[in-house]
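Asks: The structure under discussion is supplied below as structure tokens; questions concerning it will follow.
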Amino acid sequence: MSTALLLAIATASIVILLLLVIKAKVHPFVALLIVSLLVAFATGIPSEKIMEIIMSGMGGLLGHIAIIIVLGAMLGAVIEASGGAESLAQRFSKTLGIKRTVAALTMAAFILGIPVFFEVGFIIVIPLIYGFTKVARVSPMKFGLPMAGVMLTVHVALPTHPGPAAAAGILHSDMGWLMMLGIAISIPVGVVGYFVAKAMNRRRYQLSVEVLENLQMAKPEGVEKKNEPAPPGALMISGLIVVPIALIVLGTLAHSLLSEESMLRKVMMVIGTPPIALLIALALAAWLLGLRRGWSKDKLEDLTGRAIPGSASVILVAGAGGAFGKVLVESGVGKALATTLETLHLPLVPAAFILSLALRASQGSATVAILTTSGLLTTAVGGANEMERVLVTLAACFGGLGLSHVNDAGFWVVTRYLGLSVPDGLKTWTVLTTIMGLSGFVLTWLVWALV
């Protein structure tokens with residue numbers, strides 16, 4: 001099948017998907033499956049392999065995020081029900097004021113994003129976002145949009161995450177320089193994202209019923225239910241949120257610093273995985289915020305059980321997004337796009353950024369876009385010096401930041417938790433990630449010019 005036809009099919013599939021979701025009001029999960037089937041048939045994928053590819057795409061993604069989303073939802077439900085998120089939000093708001101609180105949380109999200117995967121970190125901070133939203137009586141977008149943007153920036157740019165780390169290996173870039181330059185450029189990119197999100201938040205967005213119901217569960221300020229203990233302190237809630245982050249960091253450090261025979265290394269690598277870390281945090285929250293404060297076991301079971309249906313929609317839609325992305329990869333769209341861009345013979349830094357950005361838009365995964373781009377550029381960077389290799393790697397990484405849209409599982413996680421419709425998600429999240437990606441590219445190219 002010709003390159004032009006493959007690219008036309010990919011473009012048409014995204015248009016059809018948007019029409020199904022926006023105009024026909026088809027549930028995104030169903031719409032994604034329908035479009036995945038259409039693309040598979042149109043690109044000539046053998047019929048006996050179509051469902052295998054769809055299931056592997058969905059299963060591969062859900063294996064990564066399903067447990068995390070459910071445990072994160074349960075942890076958030078316990079923190080919310082205890083009044084802890086609001087307690088922490090009130091402390092911050094009184095100390096800093098709302099405007100400074102948004103900036104402080106965005107900076108905290110930057111630090112949190114260094115060791116923790118984007119989806120995991122965002123799910124961990126969702127209770128905080130909701131808590132601050134209730135206290136400030138504003139949209140969750142005010143806090144959530146800049147936090148999500150800066151966490152994704154760190155996820156694609158720093159070699160503590162798989163995309164940039166693997167890209168450094170493929171292009172033989174120095175990991176230390178990649179880390180230092182990645183942080184140095186990600187900081188101003190995060191500042192750009194903060195102000196862009198601030199400008200976007202001047203407009204009101206219609207939130208989903210699920211998010212509105214969640215936000216309306218809060219008690220009016222200053223009113224306490226009878227026979228209920230006072231909300232837990234801000235320090236305890238902060239500690240519970242830090243626990244999974246600390247365990248994940250310790251697991252990473254143990255893997256790097258301890259010998260393979262070390263029993264401590266083996267233990268820390270298990271409890272430092274995101275699902276186990278969240279499970280430990282949930283157990284601590286259940287005891288400290290629930291049972292120890294007088295909750296019955298039945299109440300705790302009911303509370304955590306009711307958190308599952310709310311997370312099911314996020315899981316299913318994200319999984320279907322993974323299936324769609326897998327079909328696009330298997331169809332050859334990514335290779336066709338890469339071949340087309342290679343023929344343009346662009347300078348290295350723009351070539352890396354544009355190729356990665358196009359691959360990100362075509363198949364959804366930032367990591368796949370970064371790795372594919374790096375593989376295609378291995379020959380081109382043959383004569384580059386150490387610093388040039390690092391900058392080409394960073395350009396590919398920032399290309400993977402932009403154009404997060406309907407074939408990206410992260411798009412659905414962010415928009416569903418913030419209560420955004422698909423059109424509003426495209427107007428905000430997609431635009432924000434693209435502006436931040438372009439900012440990172442411009443700064444990377446500027447450094448290239450200076451060195």
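Residues in the structure tokens are named by chain (A, B, ... in the order shown) and by number from 1 within that chain; ligands are numbered from 1 in the order shown.
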Write down as a PyMOL selection string the residues belonging to segment 345-422 of chain A that are assigned alpha helix (DSSP H) by DSSP computed on the backbone.

Replies: chain A and resi 348-363+366-376+386-399+409-418+422

Asks: Any idea what's packed within 9 Å of Ile67 of chain A, counting only C-alpha atoms, ignoring anything in its chain fewer than 5 positions away? Could you give it as a list in words?

Replies: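 Near neighbours after the sequence-gap exclusion: Leu62, Gly72 and Pro275 of chain A.
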
Asks: Using the selection just defined, write its residues with N, CA and C atoms as a PDB file, in the first residue's frame.

Replies:
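Wrote result_10.pdb, looks like this:
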```
ATOM      1  N   LEU A  62      -3.521  -1.837  29.351  1.00  0.00           N
ATOM      2  CA  LEU A  62      -4.238  -2.049  30.611  1.00  0.00           C
ATOM      3  C   LEU A  62      -3.364  -2.768  31.632  1.00  0.00           C
ATOM      4  N   GLY A  72      -5.304   3.843  42.693  1.00  0.00           N
ATOM      5  CA  GLY A  72      -5.282   5.289  42.865  1.00  0.00           C
ATOM      6  C   GLY A  72      -6.656   5.854  43.169  1.00  0.00           C
ATOM      7  N   PRO A 275       2.239  -0.342  41.331  1.00  0.00           N
ATOM      8  CA  PRO A 275       1.056  -0.986  41.933  1.00  0.00           C
ATOM      9  C   PRO A 275       1.243  -1.346  43.403  1.00  0.00           C
TER      10      PRO A 275
END
```

Asks: If we count only C-alpha atoms, what is near Arg265 of chain A at a cut-off of 12 Å, once residues fewer than 3 positions away on the same chain are taken out, given as a VMD selection string?

Replies: chain A and resid 250 to 262 268 to 272

Asks: Using all heavy atoms, can you export the residues from the last selection as a CSV table (one decimal), in the first residue's frame?

Replies:
```csv
chain,number,residue,atom,x,y,z
A,250,LEU,N,12.9,4.8,45.9
A,250,LEU,CA,13.8,3.8,46.6
A,250,LEU,C,14.0,2.6,45.8
A,250,LEU,O,15.1,2.0,45.7
A,250,LEU,CB,13.2,3.5,48.0
A,250,LEU,CG,13.3,4.6,49.0
A,250,LEU,CD1,12.6,4.2,50.3
A,250,LEU,CD2,14.8,4.9,49.3
A,251,GLY,N,12.9,2.1,45.1
A,251,GLY,CA,13.0,1.0,44.2
A,251,GLY,C,14.0,1.2,43.1
A,251,GLY,O,14.8,0.4,42.7
A,252,THR,N,13.9,2.4,42.5
A,252,THR,CA,14.7,2.8,41.4
A,252,THR,C,16.2,2.9,41.9
A,252,THR,O,17.1,2.4,41.2
A,252,THR,CB,14.3,4.1,40.8
A,252,THR,OG1,13.0,4.1,40.4
A,252,THR,CG2,15.2,4.5,39.6
A,253,LEU,N,16.4,3.5,43.0
A,253,LEU,CA,17.8,3.6,43.6
A,253,LEU,C,18.4,2.2,43.9
A,253,LEU,O,19.5,2.0,43.6
A,253,LEU,CB,17.8,4.5,44.8
A,253,LEU,CG,17.5,6.0,44.6
A,253,LEU,CD1,17.4,6.7,45.9
A,253,LEU,CD2,18.5,6.6,43.7
A,254,ALA,N,17.5,1.4,44.5
A,254,ALA,CA,18.0,0.0,44.8
A,254,ALA,C,18.4,-0.7,43.6
A,254,ALA,O,19.4,-1.5,43.6
A,254,ALA,CB,16.9,-0.7,45.6
A,255,HIS,N,17.7,-0.6,42.5
A,255,HIS,CA,18.0,-1.3,41.2
A,255,HIS,C,19.3,-0.8,40.7
A,255,HIS,O,20.1,-1.6,40.1
A,255,HIS,CB,16.9,-1.0,40.2
A,255,HIS,CG,17.1,-1.6,38.9
A,255,HIS,ND1,17.8,-1.0,37.8
A,255,HIS,CD2,16.9,-2.9,38.4
A,255,HIS,CE1,17.9,-1.8,36.8
A,255,HIS,NE2,17.3,-2.9,37.1
A,256,SER,N,19.6,0.5,40.9
A,256,SER,CA,20.9,1.1,40.3
A,256,SER,C,22.1,0.9,41.2
A,256,SER,O,23.2,0.7,40.7
A,256,SER,CB,20.7,2.6,40.1
A,256,SER,OG,19.6,2.8,39.2
A,257,LEU,N,21.9,0.9,42.5
A,257,LEU,CA,23.0,1.0,43.4
A,257,LEU,C,23.4,-0.3,44.1
A,257,LEU,O,24.5,-0.5,44.5
A,257,LEU,CB,22.7,2.0,44.5
A,257,LEU,CG,22.5,3.5,44.0
A,257,LEU,CD1,22.1,4.4,45.2
A,257,LEU,CD2,23.7,4.0,43.2
A,258,LEU,N,22.4,-1.2,44.3
A,258,LEU,CA,22.7,-2.5,45.0
A,258,LEU,C,23.0,-3.6,44.1
A,258,LEU,O,22.6,-3.6,42.9
A,258,LEU,CB,21.5,-2.8,45.9
A,258,LEU,CG,21.1,-1.8,47.0
A,258,LEU,CD1,19.9,-2.3,47.7
A,258,LEU,CD2,22.3,-1.5,47.9
A,259,SER,N,23.8,-4.6,44.5
A,259,SER,CA,24.1,-5.7,43.7
A,259,SER,C,22.9,-6.6,43.5
A,259,SER,O,22.0,-6.6,44.2
A,259,SER,CB,25.2,-6.5,44.4
A,259,SER,OG,24.7,-7.1,45.6
A,260,GLU,N,23.0,-7.4,42.4
A,260,GLU,CA,21.9,-8.3,42.0
A,260,GLU,C,21.6,-9.3,43.1
A,260,GLU,O,20.5,-9.8,43.2
A,260,GLU,CB,22.1,-9.0,40.7
A,260,GLU,CG,22.1,-8.0,39.5
A,260,GLU,CD,22.3,-8.7,38.2
A,260,GLU,OE1,22.2,-10.0,38.2
A,260,GLU,OE2,22.5,-8.0,37.2
A,261,GLU,N,22.6,-9.7,43.9
A,261,GLU,CA,22.4,-10.7,44.9
A,261,GLU,C,21.8,-10.2,46.2
A,261,GLU,O,21.4,-10.9,47.1
A,261,GLU,CB,23.8,-11.4,45.2
A,261,GLU,CG,24.4,-12.2,44.1
A,261,GLU,CD,25.0,-11.3,43.1
A,261,GLU,OE1,25.4,-10.1,43.4
A,261,GLU,OE2,25.2,-11.8,41.9
A,262,SER,N,21.8,-8.9,46.3
A,262,SER,CA,21.3,-8.3,47.5
A,262,SER,C,19.8,-8.6,47.8
A,262,SER,O,18.9,-8.3,46.9
A,262,SER,CB,21.5,-6.8,47.5
A,262,SER,OG,20.9,-6.1,48.5
A,268,MET,N,13.1,-4.2,47.6
A,268,MET,CA,12.8,-2.9,47.2
A,268,MET,C,12.3,-2.8,45.8
A,268,MET,O,11.5,-1.9,45.5
A,268,MET,CB,14.0,-2.0,47.4
A,268,MET,CG,14.4,-1.7,48.9
A,268,MET,SD,13.0,-1.0,49.8
A,268,MET,CE,12.5,0.4,48.9
A,269,MET,N,12.8,-3.7,44.9
A,269,MET,CA,12.3,-3.6,43.5
A,269,MET,C,10.9,-4.1,43.4
A,269,MET,O,10.1,-3.6,42.5
A,269,MET,CB,13.2,-4.5,42.7
A,269,MET,CG,14.5,-3.9,42.3
A,269,MET,SD,15.5,-4.9,41.2
A,269,MET,CE,14.5,-4.9,39.7
A,270,VAL,N,10.4,-4.9,44.4
A,270,VAL,CA,9.0,-5.3,44.4
A,270,VAL,C,8.1,-4.2,45.0
A,270,VAL,O,7.2,-3.8,44.3
A,270,VAL,CB,8.8,-6.6,45.2
A,270,VAL,CG1,7.4,-7.0,45.3
A,270,VAL,CG2,9.6,-7.8,44.5
A,271,ILE,N,8.5,-3.7,46.2
A,271,ILE,CA,7.6,-2.7,46.8
A,271,ILE,C,7.8,-1.4,46.1
A,271,ILE,O,7.0,-0.5,46.4
A,271,ILE,CB,7.9,-2.6,48.3
A,271,ILE,CG1,9.3,-2.1,48.6
A,271,ILE,CG2,7.7,-4.0,49.0
A,271,ILE,CD1,9.5,-1.8,50.1
A,272,GLY,N,8.8,-1.2,45.3
A,272,GLY,CA,9.0,0.0,44.6
A,272,GLY,C,8.3,0.1,43.2
A,272,GLY,O,8.3,1.1,42.6
```

Asks: Could you pull the residues within 8 Å of segment 141-158 of chain A, counting only C-alpha atoms, minus those fewer than 6 positions along the same chain, as a ChimeraX atom specification?

Replies: /A:102,105-106,109-110,112-114,117-118,121-122,126,129,132-133,164-165,178-179,182-183,186,189-190,193-194,197-198,201,366-367,394,397-398,400-401,414,418,429,432-433,436-437

Asks: Can you write just those residues out, N, CA and C atoms, as a compact mmCIF listing (two decimals), in the first residue's frame?

Replies:
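Dumped to out-v3.txt:
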```txt
# COMPACT_ATOMS: atom_id res chain seq x y z
N VAL A 102 -1.53 27.50 43.07
CA VAL A 102 -1.45 26.87 41.74
C VAL A 102 0.01 26.76 41.31
N LEU A 105 1.83 24.07 43.48
CA LEU A 105 1.47 22.71 43.10
C LEU A 105 2.08 22.33 41.75
N THR A 106 2.19 23.29 40.85
CA THR A 106 2.83 23.01 39.57
C THR A 106 4.30 22.68 39.77
N ALA A 109 4.50 19.27 41.16
CA ALA A 109 4.25 18.28 40.10
C ALA A 109 5.51 18.05 39.27
N PHE A 110 6.30 19.09 39.05
CA PHE A 110 7.57 18.95 38.33
C PHE A 110 8.49 17.98 39.06
N LEU A 112 7.64 15.79 41.42
CA LEU A 112 6.99 14.48 41.47
C LEU A 112 7.19 13.72 40.17
N GLY A 113 7.17 14.44 39.03
CA GLY A 113 7.27 13.78 37.74
C GLY A 113 8.64 13.22 37.42
N ILE A 114 9.68 13.63 38.15
CA ILE A 114 11.03 13.14 37.85
C ILE A 114 11.16 11.64 38.09
N PHE A 117 6.16 7.82 36.74
CA PHE A 117 5.57 7.86 35.42
C PHE A 117 4.39 8.83 35.40
N PHE A 118 4.14 9.42 34.23
CA PHE A 118 3.12 10.45 34.09
C PHE A 118 1.75 10.02 34.60
N GLY A 121 1.76 9.41 38.46
CA GLY A 121 1.84 10.66 39.23
C GLY A 121 0.56 11.46 39.17
N PHE A 122 -0.05 11.52 37.98
CA PHE A 122 -1.28 12.30 37.84
C PHE A 122 -2.40 11.69 38.67
N ILE A 126 -4.61 13.40 41.90
CA ILE A 126 -6.02 13.71 41.65
C ILE A 126 -6.77 14.07 42.93
N ILE A 129 -5.99 17.61 43.66
CA ILE A 129 -6.62 18.53 42.71
C ILE A 129 -8.08 18.74 43.08
N PHE A 132 -8.34 20.83 46.46
CA PHE A 132 -8.10 22.26 46.26
C PHE A 132 -9.25 22.90 45.48
N THR A 133 -9.81 22.14 44.54
CA THR A 133 -10.93 22.65 43.75
C THR A 133 -12.13 22.97 44.64
N PRO A 164 13.20 8.73 26.96
CA PRO A 164 14.50 9.39 26.81
C PRO A 164 15.70 8.51 27.18
N ALA A 165 15.52 7.61 28.15
CA ALA A 165 16.63 6.72 28.55
C ALA A 165 17.00 5.79 27.39
N LEU A 178 22.30 14.61 29.23
CA LEU A 178 20.89 14.58 28.88
C LEU A 178 20.02 14.95 30.08
N MET A 179 20.40 14.46 31.25
CA MET A 179 19.65 14.78 32.46
C MET A 179 19.77 16.27 32.79
N GLY A 182 18.12 18.34 30.07
CA GLY A 182 16.69 18.06 30.11
C GLY A 182 16.01 18.85 31.21
N ILE A 183 16.62 18.89 32.39
CA ILE A 183 16.06 19.66 33.51
C ILE A 183 16.11 21.16 33.20
N SER A 186 13.48 21.89 30.59
CA SER A 186 12.12 21.57 31.05
C SER A 186 11.57 22.64 32.01
N VAL A 189 10.13 25.43 29.96
CA VAL A 189 8.97 24.85 29.27
C VAL A 189 7.80 24.73 30.24
N GLY A 190 8.08 24.32 31.48
CA GLY A 190 7.04 24.24 32.50
C GLY A 190 6.45 25.61 32.81
N GLY A 193 4.12 26.45 30.05
CA GLY A 193 2.89 25.69 30.23
C GLY A 193 2.00 26.27 31.31
N TYR A 194 2.61 26.74 32.39
CA TYR A 194 1.84 27.33 33.49
C TYR A 194 1.05 28.55 33.00
N ALA A 197 -1.71 27.55 30.43
CA ALA A 197 -2.85 26.97 31.14
C ALA A 197 -3.64 28.05 31.87
N LYS A 198 -2.92 29.02 32.45
CA LYS A 198 -3.58 30.12 33.14
C LYS A 198 -4.47 30.90 32.17
N ASN A 201 -7.59 28.95 31.32
CA ASN A 201 -8.54 28.87 32.43
C ASN A 201 -9.37 30.13 32.62
N ALA A 366 4.01 8.58 23.15
CA ALA A 366 5.20 9.44 23.15
C ALA A 366 6.47 8.60 23.14
N THR A 367 6.47 7.52 23.93
CA THR A 367 7.65 6.67 24.02
C THR A 367 7.96 6.02 22.67
N LEU A 394 17.16 15.26 22.75
CA LEU A 394 16.16 16.14 23.39
C LEU A 394 15.12 16.64 22.40
N CYS A 397 12.67 14.02 21.99
CA CYS A 397 11.86 13.90 23.21
C CYS A 397 10.75 14.95 23.24
N PHE A 398 11.10 16.19 22.89
CA PHE A 398 10.08 17.26 22.92
C PHE A 398 9.07 17.09 21.78
N GLY A 400 7.87 14.22 21.10
CA GLY A 400 6.94 13.28 21.72
C GLY A 400 6.02 13.92 22.74
N LEU A 401 6.32 15.17 23.12
CA LEU A 401 5.46 15.88 24.08
C LEU A 401 4.21 16.44 23.41
N VAL A 414 -6.30 12.32 31.37
CA VAL A 414 -6.36 13.72 31.80
C VAL A 414 -7.76 14.28 31.62
N LEU A 418 -10.36 15.35 34.66
CA LEU A 418 -10.66 16.79 34.79
C LEU A 418 -12.07 17.11 34.33
N TRP A 429 -5.89 20.51 26.38
CA TRP A 429 -4.78 19.57 26.60
C TRP A 429 -3.92 19.41 25.34
N LEU A 432 -2.10 22.69 24.71
CA LEU A 432 -1.08 22.91 25.74
C LEU A 432 0.16 22.05 25.50
N THR A 433 -0.03 20.75 25.26
CA THR A 433 1.13 19.87 25.06
C THR A 433 1.91 20.27 23.80
N MET A 436 3.94 23.43 24.57
CA MET A 436 5.08 23.09 25.42
C MET A 436 6.14 22.32 24.63
N GLY A 437 5.70 21.43 23.74
CA GLY A 437 6.66 20.71 22.90
C GLY A 437 7.43 21.65 21.98
```

Asks: A:Ala73, A:Ala104, A:Leu348, A:Ala286: which is nearest Val191 of chain A, counting only C-alpha atoms?

Replies: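 Between A:Ala73, A:Ala104, A:Leu348, A:Ala286, the residue approaching Val191 of chain A most closely is A:Ala104.
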
Asks: Sort by chain and increasing residue number a table of all residues of segment 256-344 of chain A within 7 Å of segment 44-57 of chain A, each with its closest pair of atoms and their distance in Å to one decimal, counting only C-alpha atoms, and write it as CSV.

Replies:
```
residue,atom,partner,partner_atom,distance
A:Gly322,CA,A:Gly57,CA,5.2
A:Ala323,CA,A:Gly57,CA,4.1
A:Lys326,CA,A:Gly57,CA,5.0
A:Val327,CA,A:Ile53,CA,6.5
A:Ser331,CA,A:Ile45,CA,6.6
```

Asks: Can you work out the spacing between atom CA of Asp408 of chain A and atom CA of Thr444 of chain A in Å, to one decimal?

Replies: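 Atom CA of Thr444 of chain A lies at a distance of 24.7 Å from atom CA of Asp408 of chain A.
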
Asks: Can you pull out every residue within 12 Å of Arg292 of chain A, counting only C-alpha atoms, but drop anything in the same chain fewer than 6 positions away, and send it as an NGL selection string?

Replies: :A and (82 or 229 or 232 or 283-286 or 300)

Asks: Could you take the residues named above and write them with all heavy atoms, as a PDB file, in the first residue's frame?

Replies:
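Everything below was put into part32.pdb:
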```pdb
ATOM      1  N   SER A  82     -12.336  11.165  54.121  1.00  0.00           N
ATOM      2  CA  SER A  82     -11.841  11.551  55.447  1.00  0.00           C
ATOM      3  C   SER A  82     -11.812  13.074  55.628  1.00  0.00           C
ATOM      4  O   SER A  82     -11.661  13.559  56.747  1.00  0.00           O
ATOM      5  CB  SER A  82     -10.429  10.995  55.654  1.00  0.00           C
ATOM      6  OG  SER A  82      -9.497  11.687  54.842  1.00  0.00           O
ATOM      7  N   PRO A 229     -15.163  12.328  63.395  1.00  0.00           N
ATOM      8  CA  PRO A 229     -13.985  13.003  63.944  1.00  0.00           C
ATOM      9  C   PRO A 229     -13.548  14.150  63.041  1.00  0.00           C
ATOM     10  O   PRO A 229     -13.954  14.241  61.886  1.00  0.00           O
ATOM     11  CB  PRO A 229     -12.930  11.889  63.971  1.00  0.00           C
ATOM     12  CG  PRO A 229     -13.376  10.919  62.916  1.00  0.00           C
ATOM     13  CD  PRO A 229     -14.876  10.970  62.935  1.00  0.00           C
ATOM     14  N   PRO A 232      -8.332  14.707  59.179  1.00  0.00           N
ATOM     15  CA  PRO A 232      -6.913  14.508  59.483  1.00  0.00           C
ATOM     16  C   PRO A 232      -6.099  15.734  59.100  1.00  0.00           C
ATOM     17  O   PRO A 232      -6.512  16.530  58.249  1.00  0.00           O
ATOM     18  CB  PRO A 232      -6.539  13.290  58.621  1.00  0.00           C
ATOM     19  CG  PRO A 232      -7.558  13.252  57.535  1.00  0.00           C
ATOM     20  CD  PRO A 232      -8.813  13.792  58.139  1.00  0.00           C
ATOM     21  N   ALA A 283      -3.291   0.765  52.062  1.00  0.00           N
ATOM     22  CA  ALA A 283      -3.413   0.079  53.354  1.00  0.00           C
ATOM     23  C   ALA A 283      -3.177   1.051  54.510  1.00  0.00           C
ATOM     24  O   ALA A 283      -3.907   1.036  55.515  1.00  0.00           O
ATOM     25  CB  ALA A 283      -2.421  -1.084  53.418  1.00  0.00           C
ATOM     26  N   LEU A 284      -2.162   1.904  54.366  1.00  0.00           N
ATOM     27  CA  LEU A 284      -1.884   2.898  55.407  1.00  0.00           C
ATOM     28  C   LEU A 284      -3.040   3.883  55.547  1.00  0.00           C
ATOM     29  O   LEU A 284      -3.446   4.237  56.661  1.00  0.00           O
ATOM     30  CB  LEU A 284      -0.595   3.653  55.077  1.00  0.00           C
ATOM     31  CG  LEU A 284       0.718   2.878  55.261  1.00  0.00           C
ATOM     32  CD1 LEU A 284       1.882   3.673  54.683  1.00  0.00           C
ATOM     33  CD2 LEU A 284       0.955   2.562  56.733  1.00  0.00           C
ATOM     34  N   ALA A 285      -3.590   4.320  54.410  1.00  0.00           N
ATOM     35  CA  ALA A 285      -4.710   5.263  54.446  1.00  0.00           C
ATOM     36  C   ALA A 285      -5.937   4.629  55.085  1.00  0.00           C
ATOM     37  O   ALA A 285      -6.651   5.270  55.865  1.00  0.00           O
ATOM     38  CB  ALA A 285      -5.032   5.743  53.028  1.00  0.00           C
ATOM     39  N   ALA A 286      -6.200   3.351  54.750  1.00  0.00           N
ATOM     40  CA  ALA A 286      -7.357   2.653  55.314  1.00  0.00           C
ATOM     41  C   ALA A 286      -7.259   2.590  56.836  1.00  0.00           C
ATOM     42  O   ALA A 286      -8.262   2.750  57.549  1.00  0.00           O
ATOM     43  CB  ALA A 286      -7.454   1.249  54.730  1.00  0.00           C
ATOM     44  N   LEU A 300     -15.576   1.017  55.029  1.00  0.00           N
ATOM     45  CA  LEU A 300     -14.349   1.062  54.250  1.00  0.00           C
ATOM     46  C   LEU A 300     -14.488   0.238  52.972  1.00  0.00           C
ATOM     47  O   LEU A 300     -14.077   0.658  51.883  1.00  0.00           O
ATOM     48  CB  LEU A 300     -13.180   0.551  55.095  1.00  0.00           C
ATOM     49  CG  LEU A 300     -11.770   0.763  54.543  1.00  0.00           C
ATOM     50  CD1 LEU A 300     -11.495   2.237  54.303  1.00  0.00           C
ATOM     51  CD2 LEU A 300     -10.740   0.174  55.491  1.00  0.00           C
TER      52      LEU A 300
END
```

Asks: Got a sec: who's within 8 Å of Ile435 of chain A, counting only C-alpha atoms, leaving out chain neighbours fewer than 4 positions off, as a compact mmCIF listing (two decimals) with N, CA and C atoms, in the first residue's frame?

Replies:
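Saved to out-v9.txt:
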```
# COMPACT_ATOMS: atom_id res chain seq x y z
N GLY A 193 4.12 26.45 30.05
CA GLY A 193 2.89 25.69 30.23
C GLY A 193 2.00 26.27 31.31
N GLY A 402 4.31 16.88 22.17
CA GLY A 402 3.21 17.59 21.52
C GLY A 402 2.12 16.71 20.95
N VAL A 431 -3.63 21.43 22.72
CA VAL A 431 -2.96 22.69 22.43
C VAL A 431 -1.83 22.95 23.43
N SER A 439 7.98 24.82 22.52
CA SER A 439 8.88 25.62 23.37
C SER A 439 10.17 24.85 23.66
```
